[in-house]
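Student: Structure file final_16.cif (mmCIF, C-alpha atoms and all ligand atoms) is given on the next line.
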```
data_coords
loop_
_atom_site.group_PDB
_atom_site.id
_atom_site.type_symbol
_atom_site.label_atom_id
_atom_site.label_comp_id
_atom_site.auth_asym_id
_atom_site.auth_seq_id
_atom_site.Cartn_x
_atom_site.Cartn_y
_atom_site.Cartn_z
ATOM 1 C CA MET A 1 1.126 16.981 -5.970
ATOM 2 C CA SER A 2 3.234 17.500 -9.046
ATOM 3 C CA MET A 3 3.626 14.376 -11.164
ATOM 4 C CA LYS A 4 5.320 16.050 -14.131
ATOM 5 C CA ARG A 5 8.301 14.233 -15.480
ATOM 6 C CA PRO A 6 11.416 15.575 -13.735
ATOM 7 C CA ARG A 7 14.358 17.031 -15.644
ATOM 8 C CA LYS A 8 17.586 15.058 -15.642
ATOM 9 C CA ASN A 9 19.356 17.102 -12.970
ATOM 10 C CA GLU A 10 16.243 16.959 -10.800
ATOM 11 C CA LEU A 11 16.325 13.192 -11.141
ATOM 12 C CA GLU A 12 19.935 13.125 -9.986
ATOM 13 C CA ARG A 13 19.111 15.277 -6.974
ATOM 14 C CA MET A 14 16.159 13.007 -6.164
ATOM 15 C CA LYS A 15 18.345 9.945 -6.286
ATOM 16 C CA HIS A 16 20.725 11.562 -3.848
ATOM 17 C CA ALA A 17 18.191 13.192 -1.544
ATOM 18 C CA GLY A 18 18.442 10.398 1.024
ATOM 19 C CA TRP A 19 22.219 10.624 1.006
ATOM 20 C CA LEU A 20 22.123 14.430 1.344
ATOM 21 C CA ILE A 21 19.721 14.147 4.291
ATOM 22 C CA ARG A 22 22.046 11.711 6.029
ATOM 23 C CA GLN A 23 25.011 14.023 5.425
ATOM 24 C CA HIS A 24 23.161 16.879 7.107
ATOM 25 C CA GLU A 25 22.179 14.667 10.012
ATOM 26 C CA ALA A 26 25.682 13.267 10.443
ATOM 27 C CA ARG A 27 26.994 16.829 10.784
ATOM 28 C CA GLY A 28 24.276 17.848 13.192
ATOM 29 C CA LEU A 29 22.836 20.341 10.679
ATOM 30 C CA ASP A 30 19.166 21.128 10.177
ATOM 31 C CA VAL A 31 17.836 19.255 7.170
ATOM 32 C CA PRO A 32 16.260 21.666 4.635
ATOM 33 C CA ALA A 33 12.574 20.838 4.145
ATOM 34 C CA GLU A 34 13.238 20.878 0.406
ATOM 35 C CA LEU A 35 15.307 17.723 0.732
ATOM 36 C CA TYR A 36 12.450 15.854 2.354
ATOM 37 C CA GLU A 37 10.131 17.054 -0.391
ATOM 38 C CA LEU A 38 12.594 15.907 -3.015
ATOM 39 C CA GLN A 39 12.885 12.516 -1.394
ATOM 40 C CA GLY A 40 9.122 12.175 -1.129
ATOM 41 C CA GLU A 41 8.772 12.993 -4.815
ATOM 42 C CA ALA A 42 11.459 10.414 -5.598
ATOM 43 C CA VAL A 43 9.450 7.788 -3.739
ATOM 44 C CA ARG A 44 6.249 8.732 -5.546
ATOM 45 C CA LEU A 45 7.934 8.595 -8.913
ATOM 46 C CA GLY A 46 9.708 5.350 -8.185
ATOM 47 C CA VAL A 47 13.082 6.936 -8.727
ATOM 48 C CA ALA A 48 14.487 5.810 -5.425
ATOM 49 C CA HIS A 49 12.532 2.633 -4.931
ATOM 50 C CA GLY A 50 11.664 1.312 -8.343
ATOM 51 C CA LYS A 51 12.883 -2.167 -7.513
ATOM 52 C CA THR A 52 11.224 -2.519 -4.127
ATOM 53 C CA GLN A 53 7.981 -4.018 -5.314
ATOM 54 C CA ARG A 54 9.180 -7.602 -5.535
ATOM 55 C CA GLY A 55 5.982 -9.565 -5.809
ATOM 56 C CA PRO A 56 4.443 -10.050 -9.236
ATOM 57 C CA LEU A 57 3.250 -6.982 -11.124
ATOM 58 C CA VAL A 58 0.002 -8.865 -11.706
ATOM 59 C CA GLY A 59 -0.887 -11.727 -9.359
ATOM 60 C CA ARG A 60 -3.781 -14.131 -9.957
ATOM 61 C CA HIS A 61 -6.027 -16.008 -7.556
ATOM 62 C CA SER A 62 -9.249 -17.949 -7.895
ATOM 63 C CA THR A 63 -11.598 -18.899 -5.072
ATOM 64 C CA ASP A 64 -15.282 -19.477 -4.185
ATOM 65 C CA ARG A 65 -15.546 -16.926 -1.377
ATOM 66 C CA ALA A 66 -13.313 -14.031 -0.355
ATOM 67 C CA ALA A 67 -13.091 -11.161 2.105
ATOM 68 C CA VAL A 68 -11.100 -8.161 0.892
ATOM 69 C CA VAL A 69 -9.849 -5.988 3.752
ATOM 70 C CA GLY A 70 -9.305 -2.234 3.350
ATOM 71 C CA ASP A 71 -6.352 -0.171 4.649
ATOM 72 C CA ILE A 72 -5.507 -1.475 8.154
ATOM 73 C CA HIS A 73 -2.629 0.856 9.138
ATOM 74 C CA GLY A 74 -1.458 -0.973 12.227
ATOM 75 C CA GLU A 75 -4.869 -1.310 13.904
ATOM 76 C CA ALA A 76 -4.459 -4.906 15.056
ATOM 77 C CA ASP A 77 -7.401 -4.817 17.492
ATOM 78 C CA LYS A 78 -9.778 -3.655 14.777
ATOM 79 C CA LEU A 79 -8.430 -6.346 12.468
ATOM 80 C CA ALA A 80 -9.005 -8.992 15.153
ATOM 81 C CA ALA A 81 -12.593 -7.774 15.618
ATOM 82 C CA LEU A 82 -13.137 -7.887 11.869
ATOM 83 C CA LEU A 83 -11.602 -11.341 11.423
ATOM 84 C CA ALA A 84 -13.801 -12.682 14.220
ATOM 85 C CA ARG A 85 -16.755 -11.953 11.947
ATOM 86 C CA ILE A 86 -15.301 -13.578 8.817
ATOM 87 C CA GLU A 87 -15.471 -17.337 8.254
ATOM 88 C CA THR A 88 -11.994 -18.867 8.410
ATOM 89 C CA ASP A 89 -12.483 -20.751 5.137
ATOM 90 C CA ARG A 90 -12.947 -17.514 3.195
ATOM 91 C CA THR A 91 -9.879 -16.404 1.225
ATOM 92 C CA LEU A 92 -8.506 -13.325 2.970
ATOM 93 C CA VAL A 93 -7.254 -10.611 0.621
ATOM 94 C CA VAL A 94 -5.649 -7.302 1.646
ATOM 95 C CA VAL A 95 -5.825 -4.122 -0.420
ATOM 96 C CA GLY A 96 -2.542 -2.819 1.056
ATOM 97 C CA ASP A 97 -1.386 -0.279 3.683
ATOM 98 C CA LEU A 98 -1.055 -2.816 6.439
ATOM 99 C CA CYS A 99 1.479 -0.749 8.393
ATOM 100 C CA ASP A 100 2.029 2.784 9.785
ATOM 101 C CA ARG A 101 0.017 5.259 11.885
ATOM 102 C CA GLY A 102 -1.739 2.709 14.109
ATOM 103 C CA PRO A 103 0.007 1.135 17.115
ATOM 104 C CA ALA A 104 0.413 -2.541 16.224
ATOM 105 C CA THR A 105 1.689 -3.262 12.723
ATOM 106 C CA ARG A 106 3.557 -6.287 14.028
ATOM 107 C CA ARG A 107 0.347 -7.898 15.303
ATOM 108 C CA VAL A 108 -1.449 -6.986 12.078
ATOM 109 C CA LEU A 109 1.101 -8.947 10.071
ATOM 110 C CA ASP A 110 1.036 -11.835 12.566
ATOM 111 C CA GLN A 111 -2.730 -12.141 12.122
ATOM 112 C CA LEU A 112 -2.553 -11.918 8.338
ATOM 113 C CA LEU A 113 0.137 -14.600 8.212
ATOM 114 C CA THR A 114 -1.910 -16.857 10.480
ATOM 115 C CA ARG A 115 -4.899 -16.474 8.170
ATOM 116 C CA GLY A 116 -2.835 -17.066 5.026
ATOM 117 C CA ALA A 117 -3.746 -13.696 3.516
ATOM 118 C CA ILE A 118 -2.845 -12.714 -0.034
ATOM 119 C CA GLY A 119 -3.170 -9.322 -1.697
ATOM 120 C CA VAL A 120 -1.454 -6.214 -2.974
ATOM 121 C CA LEU A 121 1.211 -3.868 -1.648
ATOM 122 C CA GLY A 122 0.262 -0.364 -0.476
ATOM 123 C CA ASN A 123 2.441 2.723 -0.671
ATOM 124 C CA HIS A 124 3.105 2.595 3.075
ATOM 125 C CA ASP A 125 4.109 -1.072 2.871
ATOM 126 C CA GLN A 126 6.476 -0.170 0.054
ATOM 127 C CA VAL A 127 8.330 2.410 2.135
ATOM 128 C CA PHE A 128 8.488 -0.053 5.047
ATOM 129 C CA LEU A 129 10.090 -2.592 2.699
ATOM 130 C CA CYS A 130 12.572 0.059 1.566
ATOM 131 C CA TRP A 131 13.486 0.699 5.190
ATOM 132 C CA LEU A 132 14.021 -3.045 5.701
ATOM 133 C CA ASP A 133 16.285 -2.989 2.651
ATOM 134 C CA GLY A 134 18.435 -0.344 4.355
ATOM 135 C CA ASP A 135 17.075 2.502 2.230
ATOM 136 C CA LEU A 136 16.309 4.725 5.214
ATOM 137 C CA ASP A 137 13.858 7.191 3.724
ATOM 138 C CA ARG A 138 13.364 9.712 6.560
ATOM 139 C CA THR A 139 10.096 10.986 5.099
ATOM 140 C CA TRP A 140 8.614 7.715 6.382
ATOM 141 C CA LEU A 141 9.099 9.060 9.915
ATOM 142 C CA LEU A 142 7.011 12.196 9.359
ATOM 143 C CA PRO A 143 3.624 12.129 11.109
ATOM 144 C CA HIS A 144 1.573 11.888 7.912
ATOM 145 C CA MET A 145 3.355 8.638 7.035
ATOM 146 C CA GLY A 146 3.566 7.187 10.554
ATOM 147 C CA GLY A 147 6.576 4.921 10.145
ATOM 148 C CA ARG A 148 7.701 5.534 13.728
ATOM 149 C CA ALA A 149 4.675 3.615 14.987
ATOM 150 C CA THR A 150 5.573 0.683 12.751
ATOM 151 C CA LEU A 151 9.132 0.551 14.083
ATOM 152 C CA ALA A 152 7.868 0.920 17.657
ATOM 153 C CA SER A 153 5.580 -2.089 17.163
ATOM 154 C CA TYR A 154 8.735 -4.117 16.536
ATOM 155 C CA GLY A 155 10.401 -2.632 19.604
ATOM 156 C CA VAL A 156 12.932 -0.511 17.731
ATOM 157 C CA SER A 157 13.346 3.232 17.392
ATOM 158 C CA ALA A 158 13.980 5.181 14.222
ATOM 159 C CA ASP A 159 17.515 5.811 15.406
ATOM 160 C CA ALA A 160 18.337 2.140 15.879
ATOM 161 C CA ALA A 161 21.130 0.707 13.778
ATOM 162 C CA PRO A 162 19.973 -0.998 10.563
ATOM 163 C CA THR A 163 21.174 -4.307 12.013
ATOM 164 C CA ALA A 164 18.879 -3.868 15.039
ATOM 165 C CA ILE A 165 15.894 -3.203 12.748
ATOM 166 C CA ASP A 166 16.882 -6.173 10.661
ATOM 167 C CA ALA A 167 16.950 -8.406 13.734
ATOM 168 C CA ALA A 168 13.619 -7.122 15.093
ATOM 169 C CA VAL A 169 11.444 -7.803 12.050
ATOM 170 C CA PRO A 170 10.771 -11.515 11.467
ATOM 171 C CA ALA A 171 11.824 -12.867 8.080
ATOM 172 C CA SER A 172 8.255 -14.134 7.611
ATOM 173 C CA HIS A 173 6.933 -10.545 7.752
ATOM 174 C CA ARG A 174 9.473 -9.369 5.222
ATOM 175 C CA GLU A 175 8.715 -12.302 2.927
ATOM 176 C CA PHE A 176 4.998 -11.699 3.189
ATOM 177 C CA LEU A 177 5.325 -8.013 2.250
ATOM 178 C CA GLY A 178 7.753 -8.948 -0.500
ATOM 179 C CA SER A 179 5.249 -11.449 -1.921
ATOM 180 C CA LEU A 180 2.398 -8.966 -2.396
ATOM 181 C CA ALA A 181 1.493 -8.113 -5.966
ATOM 182 C CA LEU A 182 1.067 -4.657 -7.477
ATOM 183 C CA ALA A 183 -2.295 -5.679 -8.941
ATOM 184 C CA LEU A 184 -4.293 -8.820 -8.258
ATOM 185 C CA ASP A 185 -6.592 -10.520 -10.753
ATOM 186 C CA LEU A 186 -9.082 -12.017 -8.297
ATOM 187 C CA GLU A 187 -11.706 -14.468 -9.491
ATOM 188 C CA VAL A 188 -14.487 -15.204 -7.024
ATOM 189 C CA ALA A 189 -17.129 -17.761 -7.966
ATOM 190 C CA GLY A 190 -16.508 -17.140 -11.643
ATOM 191 C CA THR A 191 -16.505 -13.308 -11.517
ATOM 192 C CA HIS A 192 -13.270 -11.389 -12.050
ATOM 193 C CA TYR A 193 -12.190 -8.371 -10.027
ATOM 194 C CA TRP A 194 -9.025 -6.302 -10.007
ATOM 195 C CA VAL A 195 -7.493 -5.438 -6.635
ATOM 196 C CA VAL A 196 -5.245 -2.338 -6.892
ATOM 197 C CA HIS A 197 -4.188 -0.339 -3.808
ATOM 198 C CA ALA A 198 -4.637 3.199 -5.168
ATOM 199 C CA GLY A 199 -7.019 2.315 -7.992
ATOM 200 C CA LEU A 200 -6.414 3.274 -11.597
ATOM 201 C CA PRO A 201 -5.107 6.598 -12.918
ATOM 202 C CA THR A 202 -7.268 8.268 -15.556
ATOM 203 C CA ARG A 203 -4.696 10.577 -17.136
ATOM 204 C CA HIS A 204 -2.893 8.120 -19.417
ATOM 205 C CA SER A 205 -3.897 7.355 -22.978
ATOM 206 C CA LEU A 206 -5.301 3.845 -23.209
ATOM 207 C CA GLU A 207 -6.058 4.026 -26.879
ATOM 208 C CA GLY A 208 -5.811 0.618 -28.486
ATOM 209 C CA VAL A 209 -5.407 -1.213 -25.156
ATOM 210 C CA PRO A 210 -8.109 -3.904 -24.778
ATOM 211 C CA PHE A 211 -10.119 -3.793 -21.503
ATOM 212 C CA GLU A 212 -8.501 -6.923 -20.107
ATOM 213 C CA GLU A 213 -5.012 -5.562 -20.803
ATOM 214 C CA ILE A 214 -5.513 -2.161 -19.166
ATOM 215 C CA VAL A 215 -4.402 -3.112 -15.659
ATOM 216 C CA PRO A 216 -1.382 -5.175 -16.804
ATOM 217 C CA PHE A 217 -0.463 -2.254 -19.102
ATOM 218 C CA LEU A 218 -0.737 0.338 -16.315
ATOM 219 C CA ALA A 219 1.137 -1.956 -13.898
ATOM 220 C CA ARG A 220 3.973 -2.251 -16.351
ATOM 221 C CA GLU A 221 4.128 1.369 -17.503
ATOM 222 C CA TYR A 222 2.989 3.378 -14.471
ATOM 223 C CA PRO A 223 3.436 1.130 -11.419
ATOM 224 C CA MET A 224 3.738 4.007 -8.956
ATOM 225 C CA ASP A 225 0.376 5.421 -10.012
ATOM 226 C CA LEU A 226 -1.300 2.170 -8.925
ATOM 227 C CA MET A 227 0.286 2.410 -5.494
ATOM 228 C CA TRP A 228 0.637 6.151 -4.796
ATOM 229 C CA GLY A 229 -1.702 7.967 -7.192
ATOM 230 C CA GLN A 230 -4.531 10.213 -6.077
ATOM 231 C CA ASN A 231 -7.086 8.324 -8.145
ATOM 232 C CA ASP A 232 -10.560 9.542 -7.269
ATOM 233 C CA PRO A 233 -12.876 6.517 -6.950
ATOM 234 C CA GLU A 234 -15.841 8.703 -7.923
ATOM 235 C CA ALA A 235 -14.155 9.302 -11.294
ATOM 236 C CA ALA A 236 -12.878 5.751 -11.774
ATOM 237 C CA LEU A 237 -12.453 4.128 -15.166
ATOM 238 C CA SER A 238 -14.978 1.519 -16.231
ATOM 239 C CA ILE A 239 -12.973 -1.363 -17.709
ATOM 240 C CA GLY A 240 -15.432 -4.220 -17.823
ATOM 241 C CA ARG A 241 -15.002 -5.522 -14.283
ATOM 242 C CA PRO A 242 -14.953 -3.961 -10.824
ATOM 243 C CA VAL A 243 -11.707 -2.503 -9.472
ATOM 244 C CA ILE A 244 -11.379 -2.901 -5.706
ATOM 245 C CA MET A 245 -9.262 -0.098 -4.211
ATOM 246 C CA GLY A 246 -8.152 1.396 -0.886
ATOM 247 C CA HIS A 247 -5.773 4.355 -0.332
ATOM 248 C CA THR A 248 -8.344 7.167 -0.445
ATOM 249 C CA PRO A 249 -10.223 7.311 2.869
ATOM 250 C CA ARG A 250 -14.003 7.722 2.788
ATOM 251 C CA ALA A 251 -16.629 7.813 5.505
ATOM 252 C CA GLU A 252 -18.479 4.930 3.843
ATOM 253 C CA PRO A 253 -17.321 2.325 1.327
ATOM 254 C CA LEU A 254 -18.289 2.956 -2.287
ATOM 255 C CA LEU A 255 -19.925 0.208 -4.353
ATOM 256 C CA THR A 256 -20.696 0.619 -8.051
ATOM 257 C CA ASP A 257 -20.520 -1.851 -10.901
ATOM 258 C CA HIS A 258 -17.006 -0.705 -11.846
ATOM 259 C CA VAL A 259 -15.344 0.420 -8.607
ATOM 260 C CA ILE A 260 -15.450 -0.722 -4.981
ATOM 261 C CA ALA A 261 -13.558 1.606 -2.598
ATOM 262 C CA ILE A 262 -12.977 0.127 0.857
ATOM 263 C CA ASP A 263 -10.589 2.439 2.754
ATOM 264 C CA THR A 264 -12.789 3.753 5.555
ATOM 265 C CA GLY A 265 -10.021 5.703 7.274
ATOM 266 C CA CYS A 266 -8.793 3.136 9.790
ATOM 267 C CA ALA A 267 -6.063 4.956 11.799
ATOM 268 C CA THR A 268 -5.997 7.834 9.319
ATOM 269 C CA THR A 269 -9.196 9.785 9.947
ATOM 270 C CA ARG A 270 -11.035 10.723 13.124
ATOM 271 C CA GLY A 271 -13.569 7.981 13.798
ATOM 272 C CA GLY A 272 -12.074 5.920 10.981
ATOM 273 C CA ARG A 273 -13.169 2.302 10.697
ATOM 274 C CA LEU A 274 -11.926 -0.906 9.110
ATOM 275 C CA THR A 275 -13.979 -2.448 6.300
ATOM 276 C CA ALA A 276 -14.041 -5.833 4.606
ATOM 277 C CA LEU A 277 -15.809 -6.528 1.319
ATOM 278 C CA LEU A 278 -17.389 -9.980 1.142
ATOM 279 C CA LEU A 279 -17.412 -11.676 -2.244
ATOM 280 C CA PRO A 280 -19.329 -12.922 -4.111
ATOM 281 C CA GLU A 281 -22.025 -11.238 -1.971
ATOM 282 C CA ARG A 282 -20.729 -7.667 -2.468
ATOM 283 C CA THR A 283 -21.653 -6.773 1.077
ATOM 284 C CA PHE A 284 -19.522 -5.043 3.720
ATOM 285 C CA ILE A 285 -18.477 -5.706 7.288
ATOM 286 C CA THR A 286 -17.205 -2.614 9.088
ATOM 287 C CA VAL A 287 -15.794 -2.377 12.602
HETATM 288 MN MN MN B 1 -3.686 4.061 3.261
#
```
The structure given in the file should be rewritten as structure tokens.

Tutor:
Amino acid sequence: MSMKRPRKNELERMKHAGWLIRQHEARGLDVPAELYELQGEAVRLGVAHGKTQRGPLVGRHSTDRAAVVGDIHGEADKLAALLARIETDRTLVVVGDLCDRGPATRRVLDQLLTRGAIGVLGNHDQVFLCWLDGDLDRTWLLPHMGGRATLASYGVSADAAPTAIDAAVPASHREFLGSLALALDLEVAGTHYWVVHAGLPTRHSLEGVPFEEIVPFLAREYPMDLMWGQNDPEAALSIGRPVIMGHTPRAEPLLTDHVIAIDTGCATTRGGRLTALLLPERTFITV
């Protein structure tokens, strides 16, 4: 994936990719694959959707006990099985990617709302929010994203009018997604963790940035990298406290003193499972 800074005319084309796609569709023409690629790049770079992340850049929460849930991707039955094994008085935190691919995003969000979950926004959740804002990014409908399954869980098709989609998704779901932070400063029993959907990029200069300011700095300067970046957990930065991340599926969760990776491929890999990290214990429940 190219993350080089686009030239000005490329930026303009990116901004208009969605419009160009709709023009092709309205005329019954085949949409050139290049336009989808351009639109996807625009999403990754935040060109098209820079304002969509509406929760705080850095949220804060303090609690005695927490369960941090990895990428769920619409697998409501797995989430129910997982929640049945987590005490109800534990703070429930999500690492993002609640929607897409799996069959029951609607029920996932219902369960999370019932349990009063907090957490961070994933890249898939961001595109879902864009769609709810009327920014109909068609790349969301491609199989690797899985947005069709999300819409189907609300009983609407991708071709439904924006007003029908608007009516089908409860305001509480929209508000919940819109409340999720980009990064969460989570304190559990006196120990601080960062929760960041895609983890931290390693390619930016952090010279002169104190450890505790690194995540707020990256959230401010490179927000899309924290949500969309291919940030290898095995090569993660060590910044003085553990970073809890999802986004990159693994067969088993990873636990070191500076990174905890909890996306175990639920709905995205064959045999994928759903994992929760219990804190302060630093143990896992996987279903
Ligand atoms: Mn994911």

Student: Run the PyMOL selection byres (((not hetatm)) within 6 of (chain B and resi 1)) mentally over the shown coordinates, then write out the matched residues as number ranges by chain, using the chain letters and numbers from the document.

Tutor: A: 71, 97, 247

Student: Which of these residues is nearest to Leu274 of chain A, using only C-alpha atoms: A:Ala161, A:Val69, A:Leu141, A:Val196?

Tutor: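 Among the listed residues, A:Val69 lies closest to Leu274 of chain A.
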
Student: List the neighbours of Ile285 of chain A out to 12 Å using only C-alpha atoms; skip same-chain residues closer than 5 positions along the sequence, and give me the result as a PyMOL selection string.

Tutor: chain A and resi 67-70+78-79+81-86+252-253+262+264+273-279

Student: Pull C-alpha atoms from the residues just selected and write them as a compact mmCIF listing (two decimals), in the coordinates of the input.

Tutor:
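That gives us result.txt:
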```txt
# COMPACT_ATOMS: atom_id res chain seq x y z
CA ALA A 67 -13.09 -11.16 2.10
CA VAL A 68 -11.10 -8.16 0.89
CA VAL A 69 -9.85 -5.99 3.75
CA GLY A 70 -9.30 -2.23 3.35
CA LYS A 78 -9.78 -3.66 14.78
CA LEU A 79 -8.43 -6.35 12.47
CA ALA A 81 -12.59 -7.77 15.62
CA LEU A 82 -13.14 -7.89 11.87
CA LEU A 83 -11.60 -11.34 11.42
CA ALA A 84 -13.80 -12.68 14.22
CA ARG A 85 -16.76 -11.95 11.95
CA ILE A 86 -15.30 -13.58 8.82
CA GLU A 252 -18.48 4.93 3.84
CA PRO A 253 -17.32 2.33 1.33
CA ILE A 262 -12.98 0.13 0.86
CA THR A 264 -12.79 3.75 5.56
CA ARG A 273 -13.17 2.30 10.70
CA LEU A 274 -11.93 -0.91 9.11
CA THR A 275 -13.98 -2.45 6.30
CA ALA A 276 -14.04 -5.83 4.61
CA LEU A 277 -15.81 -6.53 1.32
CA LEU A 278 -17.39 -9.98 1.14
CA LEU A 279 -17.41 -11.68 -2.24
```

Student: Once the PyMOL selection byres (((chain A and resi 248) around 10) and not hetatm) has been applied to the shown file, what residues remain in the selection, as a short mmCIF file (atom, residue, chain, number, x, y, z; two decimals) with C-alpha atoms, in the coordinates of the input?

Tutor:
```
data_model
loop_
_atom_site.label_atom_id
_atom_site.label_comp_id
_atom_site.auth_asym_id
_atom_site.auth_seq_id
_atom_site.Cartn_x
_atom_site.Cartn_y
_atom_site.Cartn_z
CA ASP A 71 -6.35 -0.17 4.65
CA HIS A 197 -4.19 -0.34 -3.81
CA ALA A 198 -4.64 3.20 -5.17
CA GLY A 199 -7.02 2.32 -7.99
CA GLY A 229 -1.70 7.97 -7.19
CA GLN A 230 -4.53 10.21 -6.08
CA ASN A 231 -7.09 8.32 -8.14
CA ASP A 232 -10.56 9.54 -7.27
CA PRO A 233 -12.88 6.52 -6.95
CA MET A 245 -9.26 -0.10 -4.21
CA GLY A 246 -8.15 1.40 -0.89
CA HIS A 247 -5.77 4.36 -0.33
CA PRO A 249 -10.22 7.31 2.87
CA ARG A 250 -14.00 7.72 2.79
CA ALA A 261 -13.56 1.61 -2.60
CA ILE A 262 -12.98 0.13 0.86
CA ASP A 263 -10.59 2.44 2.75
CA THR A 264 -12.79 3.75 5.56
CA GLY A 265 -10.02 5.70 7.27
#
```

Student: Find, counting all atoms listed in the file, the residue in A:Val287, A:Ile244, A:Ala66, A:Ile239 that gets nearest to Ala80 of chain A.

Tutor: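 Selected residue with least distance to Ala80 of chain A: A:Val287.
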
Student: For each of A:Glu175, A:Pro242, A:Leu151, A:Val58, take the minimum atom-to-atom distance to Pro216 of chain A, counting all atoms listed in the file, then give the residue where this is smallest.

Tutor: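 Answer, going by the shortest atom-to-atom distance: A:Val58.
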
Student: Run through the PyMOL selection byres (((chain A and resi 238) around 9) and not hetatm) on the given coordinates and return the selected residues as a short mmCIF file (atom, residue, chain, number, x, y, z; two decimals) with C-alpha atoms, keeping the file's coordinate frame.

Tutor:
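Everything below was put into out-v1.cif:
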```cif
data_model
loop_
_atom_site.label_atom_id
_atom_site.label_comp_id
_atom_site.auth_asym_id
_atom_site.auth_seq_id
_atom_site.Cartn_x
_atom_site.Cartn_y
_atom_site.Cartn_z
CA PHE A 211 -10.12 -3.79 -21.50
CA ALA A 236 -12.88 5.75 -11.77
CA LEU A 237 -12.45 4.13 -15.17
CA ILE A 239 -12.97 -1.36 -17.71
CA GLY A 240 -15.43 -4.22 -17.82
CA ARG A 241 -15.00 -5.52 -14.28
CA PRO A 242 -14.95 -3.96 -10.82
CA VAL A 243 -11.71 -2.50 -9.47
CA ASP A 257 -20.52 -1.85 -10.90
CA HIS A 258 -17.01 -0.70 -11.85
CA VAL A 259 -15.34 0.42 -8.61
#
```

Student: What is the atom CA of Leu57 of chain A to atom CA of Met227 of chain A distance in Å?

Tutor: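 Separation between atom CA of Leu57 of chain A and atom CA of Met227 of chain A: 11.3 Å.
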
Student: Take the point (9.7, -0.5, 10.6) in the file's coordinates, draw a sphere of radius 9 Å around it, and report as a list in words every protein, DNA or RNA residue with an atom inside or on it, counting only C-alpha atoms.

Tutor: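 Those residues, ordered by chain and then number, are Cys99, Asp100, Thr105, Phe128, Leu129, Trp131, Leu132, Gly147, Arg148, Ala149, Thr150, Leu151, Ala152, Ser153, Tyr154, Val156, Ser157, Ala158, Ile165, Ala168 and Val169 of chain A.
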
Student: Just the number, please: distance in Å from atom CA of Glu187 of chain A to atom CA of Gly59 of chain A, one decimal.

Tutor: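 Computing the Euclidean distance for atom CA of Glu187 of chain A and atom CA of Gly59 of chain A yields 11.2 Å.
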
Student: If you measure from atom CA of Thr91 of chain A to atom CA of Thr114 of chain A, what distance in Å do you get, rounded to one decimal?

Tutor: 12.2 Å
